[in-house]
Amino acid sequence: MKVLDAEQGQMTMTDIWQPITLGRATLPNRFVMAPMTRSRAQYDGTPGPLAAEYYAQRASVGLIVAEGTQPSDDGQGYLMTPGIYSEAHVAGWKTVTSAVHAKGGHIYIQLMHAGRMSHPDNTPHHRQGVAPSAIAPGAGMFTATGMQDIPTPRALSIEEIRQTVQDFRHAAKCAIESGADGVEIHGANAYLIQQFFAPSANTRTDDYGGSIENRARFAIEVATAIAEEIGADRTAIRFSPGTSLWGIDEGEEGPDLYRYLIGELDKLRLSYVHIMHQGNEQLLSDIRQLWTGKLILNRPGRPREDIGKDVASGLADMEAYGQMILANPDFLARLKADAPLNEADRNTFFGGTEKGYTDYPTL
């Protein structure tokens, strides 16, 4: 983004190291730690004992977006993922947010309802997953007894959809009570909200299916409810337009659905939109034009030499990184020193102990 330097009278480029105001917070730089499931919570969904250390180690980035966190029993998809809807969850997340804030960092909790990407063995109530329609994703799910096929989900009734919106609202309230700076709604990666977008997962004929407006309705209702509860300036949302994970196919209307959705959400004045880019450059450009607020861009696999380019060009206000920050708690220090980066150990991504979690070496 080009800005006028008042003293020099020249145009200068926005730098990823420059501070930025995001919602109610002023961040020291424009780096974002992307949300990454680590499956190390306790069985009741309370963040595990190492979570505070893990996130605090990485507090030098401008914003941490914590891992996907279920807003209800129905929302859980995977083993050992955290929740944010009980008193125990709030108390557990307080230790995390306090540790991050003590290091001068800022943290949003990502609210993730897995929808049909779930297995009864992984949820507290051991019920089948819920979804827009009773269509199985055709994928497997890791459970305590190994990989199992994901069963056909149960289609949500209109009343249950309304209750799910309230579950998101309650979870957002709990997140703020726990000390989070805001929440990011997970509307990406083939989970419940994106399931509503995709005709391959949503064959409804009521107000939540069929037209673009109807398939976008649930996402807008969730964002609106949360913004009403905690303030639009502490409410954000993430999308991955064009994702084809686990049976998701948004069809030919997919790009137009996002254009409509971004336009409607722009009216809410949310804290930011976070895009996990899947390669449609024209759509990304259109989103940038339609969205008047802050835009976070995550390009999976972005090479080190490209860090900062999207901020410099004005395509994004902030850039999100996942595995590089996971494996390098001192990611920013390494960039400044032009030092080599630790390689992420994929074998320790999900579940386990401090190995591959809090034990990555610093410079």
# chains A, B, ... in the order shown; residues from 1 in each chain; ligands from 1
>>> select_by_dssp(residues="range 232-324 of chain A", states="alpha helix (DSSP H)", output="ChimeraX atom specification")
/A:254-266,281-290,309-313,323-324
>>> write_last_selection(atoms="N, CA and C atoms", output="PDB file, in the first residue's frame")
ATOM      1  N   GLY A 254     -19.576 -20.298  -6.823  1.00  0.00           N
ATOM      2  CA  GLY A 254     -18.746 -20.071  -5.646  1.00  0.00           C
ATOM      3  C   GLY A 254     -18.144 -18.680  -5.556  1.00  0.00           C
ATOM      4  N   PRO A 255     -17.434 -18.228  -6.594  1.00  0.00           N
ATOM      5  CA  PRO A 255     -16.847 -16.883  -6.515  1.00  0.00           C
ATOM      6  C   PRO A 255     -17.883 -15.783  -6.298  1.00  0.00           C
ATOM      7  N   ASP A 256     -19.040 -15.901  -6.943  1.00  0.00           N
ATOM      8  CA  ASP A 256     -20.081 -14.887  -6.763  1.00  0.00           C
ATOM      9  C   ASP A 256     -20.678 -14.941  -5.357  1.00  0.00           C
ATOM     10  N   LEU A 257     -20.716 -16.133  -4.785  1.00  0.00           N
ATOM     11  CA  LEU A 257     -21.191 -16.235  -3.392  1.00  0.00           C
ATOM     12  C   LEU A 257     -20.288 -15.421  -2.476  1.00  0.00           C
ATOM     13  N   TYR A 258     -18.967 -15.538  -2.677  1.00  0.00           N
ATOM     14  CA  TYR A 258     -18.046 -14.781  -1.822  1.00  0.00           C
ATOM     15  C   TYR A 258     -18.137 -13.284  -2.086  1.00  0.00           C
ATOM     16  N   ARG A 259     -18.351 -12.896  -3.317  1.00  0.00           N
ATOM     17  CA  ARG A 259     -18.509 -11.465  -3.613  1.00  0.00           C
ATOM     18  C   ARG A 259     -19.735 -10.913  -2.884  1.00  0.00           C
ATOM     19  N   TYR A 260     -20.829 -11.663  -2.914  1.00  0.00           N
ATOM     20  CA  TYR A 260     -22.038 -11.246  -2.195  1.00  0.00           C
ATOM     21  C   TYR A 260     -21.775 -11.221  -0.695  1.00  0.00           C
ATOM     22  N   LEU A 261     -21.168 -12.278  -0.194  1.00  0.00           N
ATOM     23  CA  LEU A 261     -20.928 -12.422   1.239  1.00  0.00           C
ATOM     24  C   LEU A 261     -20.042 -11.313   1.780  1.00  0.00           C
ATOM     25  N   ILE A 262     -18.949 -11.031   1.083  1.00  0.00           N
ATOM     26  CA  ILE A 262     -18.034  -9.976   1.528  1.00  0.00           C
ATOM     27  C   ILE A 262     -18.752  -8.622   1.532  1.00  0.00           C
ATOM     28  N   GLY A 263     -19.558  -8.369   0.522  1.00  0.00           N
ATOM     29  CA  GLY A 263     -20.303  -7.120   0.471  1.00  0.00           C
ATOM     30  C   GLY A 263     -21.253  -6.958   1.635  1.00  0.00           C
ATOM     31  N   GLU A 264     -21.936  -8.043   2.010  1.00  0.00           N
ATOM     32  CA  GLU A 264     -22.866  -7.992   3.143  1.00  0.00           C
ATOM     33  C   GLU A 264     -22.122  -7.853   4.467  1.00  0.00           C
ATOM     34  N   LEU A 265     -21.038  -8.601   4.631  1.00  0.00           N
ATOM     35  CA  LEU A 265     -20.276  -8.528   5.878  1.00  0.00           C
ATOM     36  C   LEU A 265     -19.596  -7.175   6.046  1.00  0.00           C
ATOM     37  N   ASP A 266     -19.271  -6.530   4.929  1.00  0.00           N
ATOM     38  CA  ASP A 266     -18.629  -5.219   4.999  1.00  0.00           C
ATOM     39  C   ASP A 266     -19.512  -4.204   5.726  1.00  0.00           C
ATOM     40  N   GLU A 281      -6.864 -15.542  -8.291  1.00  0.00           N
ATOM     41  CA  GLU A 281      -6.334 -14.180  -8.102  1.00  0.00           C
ATOM     42  C   GLU A 281      -7.392 -13.106  -8.392  1.00  0.00           C
ATOM     43  N   GLN A 282      -8.253 -13.352  -9.377  1.00  0.00           N
ATOM     44  CA  GLN A 282      -9.285 -12.367  -9.685  1.00  0.00           C
ATOM     45  C   GLN A 282     -10.244 -12.203  -8.517  1.00  0.00           C
ATOM     46  N   LEU A 283     -10.652 -13.329  -7.912  1.00  0.00           N
ATOM     47  CA  LEU A 283     -11.547 -13.255  -6.763  1.00  0.00           C
ATOM     48  C   LEU A 283     -10.867 -12.551  -5.595  1.00  0.00           C
ATOM     49  N   LEU A 284      -9.592 -12.853  -5.375  1.00  0.00           N
ATOM     50  CA  LEU A 284      -8.864 -12.196  -4.291  1.00  0.00           C
ATOM     51  C   LEU A 284      -8.828 -10.689  -4.509  1.00  0.00           C
ATOM     52  N   SER A 285      -8.575 -10.271  -5.735  1.00  0.00           N
ATOM     53  CA  SER A 285      -8.570  -8.842  -6.065  1.00  0.00           C
ATOM     54  C   SER A 285      -9.941  -8.226  -5.833  1.00  0.00           C
ATOM     55  N   ASP A 286     -11.001  -8.959  -6.208  1.00  0.00           N
ATOM     56  CA  ASP A 286     -12.364  -8.451  -6.015  1.00  0.00           C
ATOM     57  C   ASP A 286     -12.691  -8.319  -4.533  1.00  0.00           C
ATOM     58  N   ILE A 287     -12.254  -9.298  -3.729  1.00  0.00           N
ATOM     59  CA  ILE A 287     -12.492  -9.232  -2.286  1.00  0.00           C
ATOM     60  C   ILE A 287     -11.808  -8.004  -1.711  1.00  0.00           C
ATOM     61  N   ARG A 288     -10.591  -7.736  -2.168  1.00  0.00           N
ATOM     62  CA  ARG A 288      -9.860  -6.566  -1.681  1.00  0.00           C
ATOM     63  C   ARG A 288     -10.613  -5.278  -1.998  1.00  0.00           C
ATOM     64  N   GLN A 289     -11.251  -5.231  -3.166  1.00  0.00           N
ATOM     65  CA  GLN A 289     -12.010  -4.042  -3.550  1.00  0.00           C
ATOM     66  C   GLN A 289     -13.317  -3.921  -2.773  1.00  0.00           C
ATOM     67  N   LEU A 290     -13.971  -5.053  -2.533  1.00  0.00           N
ATOM     68  CA  LEU A 290     -15.278  -5.057  -1.869  1.00  0.00           C
ATOM     69  C   LEU A 290     -15.174  -4.850  -0.361  1.00  0.00           C
ATOM     70  N   LYS A 309       5.439  -9.209   0.750  1.00  0.00           N
ATOM     71  CA  LYS A 309       5.102  -8.687  -0.578  1.00  0.00           C
ATOM     72  C   LYS A 309       3.641  -8.277  -0.701  1.00  0.00           C
ATOM     73  N   ASP A 310       2.731  -9.032  -0.070  1.00  0.00           N
ATOM     74  CA  ASP A 310       1.306  -8.694  -0.196  1.00  0.00           C
ATOM     75  C   ASP A 310       0.959  -7.431   0.583  1.00  0.00           C
ATOM     76  N   VAL A 311       1.630  -7.209   1.700  1.00  0.00           N
ATOM     77  CA  VAL A 311       1.438  -5.963   2.433  1.00  0.00           C
ATOM     78  C   VAL A 311       2.033  -4.800   1.642  1.00  0.00           C
ATOM     79  N   ALA A 312       3.226  -5.002   1.094  1.00  0.00           N
ATOM     80  CA  ALA A 312       3.893  -3.928   0.336  1.00  0.00           C
ATOM     81  C   ALA A 312       3.086  -3.512  -0.888  1.00  0.00           C
ATOM     82  N   SER A 313       2.429  -4.490  -1.532  1.00  0.00           N
ATOM     83  CA  SER A 313       1.659  -4.183  -2.741  1.00  0.00           C
ATOM     84  C   SER A 313       0.292  -3.588  -2.428  1.00  0.00           C
ATOM     85  N   GLN A 323       3.033 -22.941   9.641  1.00  0.00           N
ATOM     86  CA  GLN A 323       4.090 -23.860  10.055  1.00  0.00           C
ATOM     87  C   GLN A 323       5.397 -23.151  10.399  1.00  0.00           C
ATOM     88  N   MET A 324       5.709 -22.062   9.716  1.00  0.00           N
ATOM     89  CA  MET A 324       6.969 -21.362  10.006  1.00  0.00           C
ATOM     90  C   MET A 324       6.959 -20.783  11.419  1.00  0.00           C
TER      91      MET A 324
END
>>> residues_around(residues="range 292-307 of chain A", least_positions_apart="3", cutoff="7 Å", atoms="only C-alpha atoms", output="tab-separated table (two decimals) with C-alpha atoms, in the first residue's frame")
chain	number	residue	atom	x	y	z
A	266	ASP	CA	-18.63	-5.22	5.00
A	269	ARG	CA	-17.58	-3.24	10.00
A	271	SER	CA	-12.32	-6.27	12.76
A	272	TYR	CA	-10.96	-8.13	9.73
A	273	VAL	CA	-11.51	-10.75	7.06
A	274	HIS	CA	-8.89	-13.51	6.85
A	275	ILE	CA	-8.49	-15.21	3.47
A	276	MET	CA	-6.75	-18.56	3.05
A	277	HIS	CA	-5.90	-18.17	-0.62
A	316	ALA	CA	-3.30	-7.27	2.24
A	317	ASP	CA	-3.00	-5.35	5.49
A	318	MET	CA	-1.43	-8.29	7.33
A	319	GLU	CA	0.07	-11.66	6.36
A	320	ALA	CA	-0.60	-14.93	8.18
A	321	TYR	CA	1.91	-17.75	8.58
>>> select_by_dssp(residues="range 111-348 of chain A", states="strand (DSSP E or B)", output="number ranges by chain")
A: 111, 130-131, 140-143, 146-149, 154-155, 182-186, 235-239, 272-276, 294-298, 318-321
>>> residues_around(residues="range 77-94 of chain A", least_positions_apart="6", cutoff="10 Å", atoms="only C-alpha atoms", output="MDAnalysis selection string")
chainID A and resid 37:49 51:52 67:71 100 109:123 129 141:144 167:180 191 350:351
>>> closest_residue(among="A:Glu159, A:Asp207, A:Glu221, A:Asp233", to="Ala25 in chain A", atoms="only C-alpha atoms")
A:Asp233
>>> residues_around(residues="Pro199 in chain A", least_positions_apart="6", cutoff="9 Å", atoms="only C-alpha atoms", output="list in words")
Gly209, Gly210, Arg215, Ile248, Asp249, Glu250 and Gly251 of chain A
>>> atom_distance(atom1="CA of Pro19 in chain A", atom2="CA of Asn280 in chain A")
28.8 Å
>>> closest_residue(among="A:Ile161, A:Ala59, A:Ile220, A:Ile135", to="Ala198 in chain A", atoms="only C-alpha atoms")
A:Ile135
>>> residues_around(residues="Ile237 in chain A", least_positions_apart="2", cutoff="8 Å", atoms="only C-alpha atoms", output="PyMOL selection string")
chain A and resi 184-187+223+235+239+272-274
>>> closest_residue(among="A:Gly314, A:Thr243, A:Leu63, A:Asp149", to="Gly279 in chain A", atoms="only C-alpha atoms")
A:Thr243
>>> closest_residue(among="A:Leu268, A:Ile16, A:Ala201, A:Ile158", to="Arg234 in chain A", atoms="only C-alpha atoms")
A:Leu268
>>> atom_distance(atom1="CA of Arg30 in chain A", atom2="CA of Gly62 in chain A")
5.5 Å
>>> atom_distance(atom1="CA of Asp206 in chain A", atom2="CA of Ala188 in chain A")
22.7 Å
>>> residues_around(residues="Ser60 in chain A", least_positions_apart="3", cutoff="8 Å", atoms="only C-alpha atoms", output="PyMOL selection string")
chain A and resi 57+103-105+330+332
>>> decode(residues="range 42-102 of chain A", atoms="C-alpha atoms", output="mmCIF file, in the first residue's frame")
data_model
loop_
_atom_site.group_PDB
_atom_site.id
_atom_site.type_symbol
_atom_site.label_atom_id
_atom_site.label_comp_id
_atom_site.auth_asym_id
_atom_site.auth_seq_id
_atom_site.Cartn_x
_atom_site.Cartn_y
_atom_site.Cartn_z
ATOM 1 C CA GLN A 42 -7.794 -31.961 27.962
ATOM 2 C CA TYR A 43 -10.689 -34.350 27.398
ATOM 3 C CA ASP A 44 -13.236 -31.796 28.647
ATOM 4 C CA GLY A 45 -12.015 -29.238 26.097
ATOM 5 C CA THR A 46 -10.011 -27.117 28.533
ATOM 6 C CA PRO A 47 -6.710 -25.958 26.986
ATOM 7 C CA GLY A 48 -3.853 -28.231 28.018
ATOM 8 C CA PRO A 49 -1.231 -27.250 30.582
ATOM 9 C CA LEU A 50 1.354 -26.354 27.917
ATOM 10 C CA ALA A 51 -0.949 -24.150 25.811
ATOM 11 C CA ALA A 52 -0.113 -20.941 27.671
ATOM 12 C CA GLU A 53 3.623 -21.526 27.162
ATOM 13 C CA TYR A 54 3.148 -22.429 23.501
ATOM 14 C CA TYR A 55 1.257 -19.266 22.615
ATOM 15 C CA ALA A 56 3.315 -16.951 24.846
ATOM 16 C CA GLN A 57 6.490 -18.158 23.108
ATOM 17 C CA ARG A 58 5.078 -16.740 19.865
ATOM 18 C CA ALA A 59 3.688 -13.461 21.226
ATOM 19 C CA SER A 60 6.082 -11.264 19.231
ATOM 20 C CA VAL A 61 3.866 -11.554 16.143
ATOM 21 C CA GLY A 62 1.321 -8.777 15.771
ATOM 22 C CA LEU A 63 -1.625 -11.125 16.218
ATOM 23 C CA ILE A 64 -2.029 -14.740 17.306
ATOM 24 C CA VAL A 65 -5.145 -16.506 16.062
ATOM 25 C CA ALA A 66 -5.537 -19.484 18.370
ATOM 26 C CA GLU A 67 -6.475 -22.931 17.130
ATOM 27 C CA GLY A 68 -10.026 -23.855 16.117
ATOM 28 C CA THR A 69 -12.127 -23.962 19.288
ATOM 29 C CA GLN A 70 -15.573 -25.535 19.411
ATOM 30 C CA PRO A 71 -18.557 -23.413 20.527
ATOM 31 C CA SER A 72 -20.597 -26.434 21.683
ATOM 32 C CA ASP A 73 -20.596 -30.209 22.099
ATOM 33 C CA ASP A 74 -21.960 -30.505 18.544
ATOM 34 C CA GLY A 75 -19.142 -28.324 17.255
ATOM 35 C CA GLN A 76 -16.317 -30.701 18.134
ATOM 36 C CA GLY A 77 -14.843 -32.677 15.269
ATOM 37 C CA TYR A 78 -11.432 -33.927 16.359
ATOM 38 C CA LEU A 79 -9.982 -35.511 19.460
ATOM 39 C CA MET A 80 -8.527 -33.248 22.135
ATOM 40 C CA THR A 81 -9.522 -29.900 20.630
ATOM 41 C CA PRO A 82 -10.367 -27.016 22.980
ATOM 42 C CA GLY A 83 -13.794 -25.566 23.658
ATOM 43 C CA ILE A 84 -14.947 -22.139 24.801
ATOM 44 C CA TYR A 85 -18.447 -22.577 26.212
ATOM 45 C CA SER A 86 -18.050 -23.701 29.858
ATOM 46 C CA GLU A 87 -16.643 -22.143 33.014
ATOM 47 C CA ALA A 88 -13.719 -24.574 32.894
ATOM 48 C CA HIS A 89 -12.946 -23.550 29.320
ATOM 49 C CA VAL A 90 -12.991 -19.855 30.250
ATOM 50 C CA ALA A 91 -10.654 -20.466 33.186
ATOM 51 C CA GLY A 92 -8.279 -22.465 31.003
ATOM 52 C CA TRP A 93 -8.169 -19.880 28.237
ATOM 53 C CA LYS A 94 -7.528 -17.146 30.849
ATOM 54 C CA THR A 95 -4.150 -18.730 31.552
ATOM 55 C CA VAL A 96 -3.384 -18.583 27.821
ATOM 56 C CA THR A 97 -4.507 -15.015 27.177
ATOM 57 C CA SER A 98 -2.785 -13.782 30.337
ATOM 58 C CA ALA A 99 0.491 -15.378 29.293
ATOM 59 C CA VAL A 100 0.264 -13.830 25.819
ATOM 60 C CA HIS A 101 -0.634 -10.400 27.171
ATOM 61 C CA ALA A 102 2.221 -10.580 29.689
#
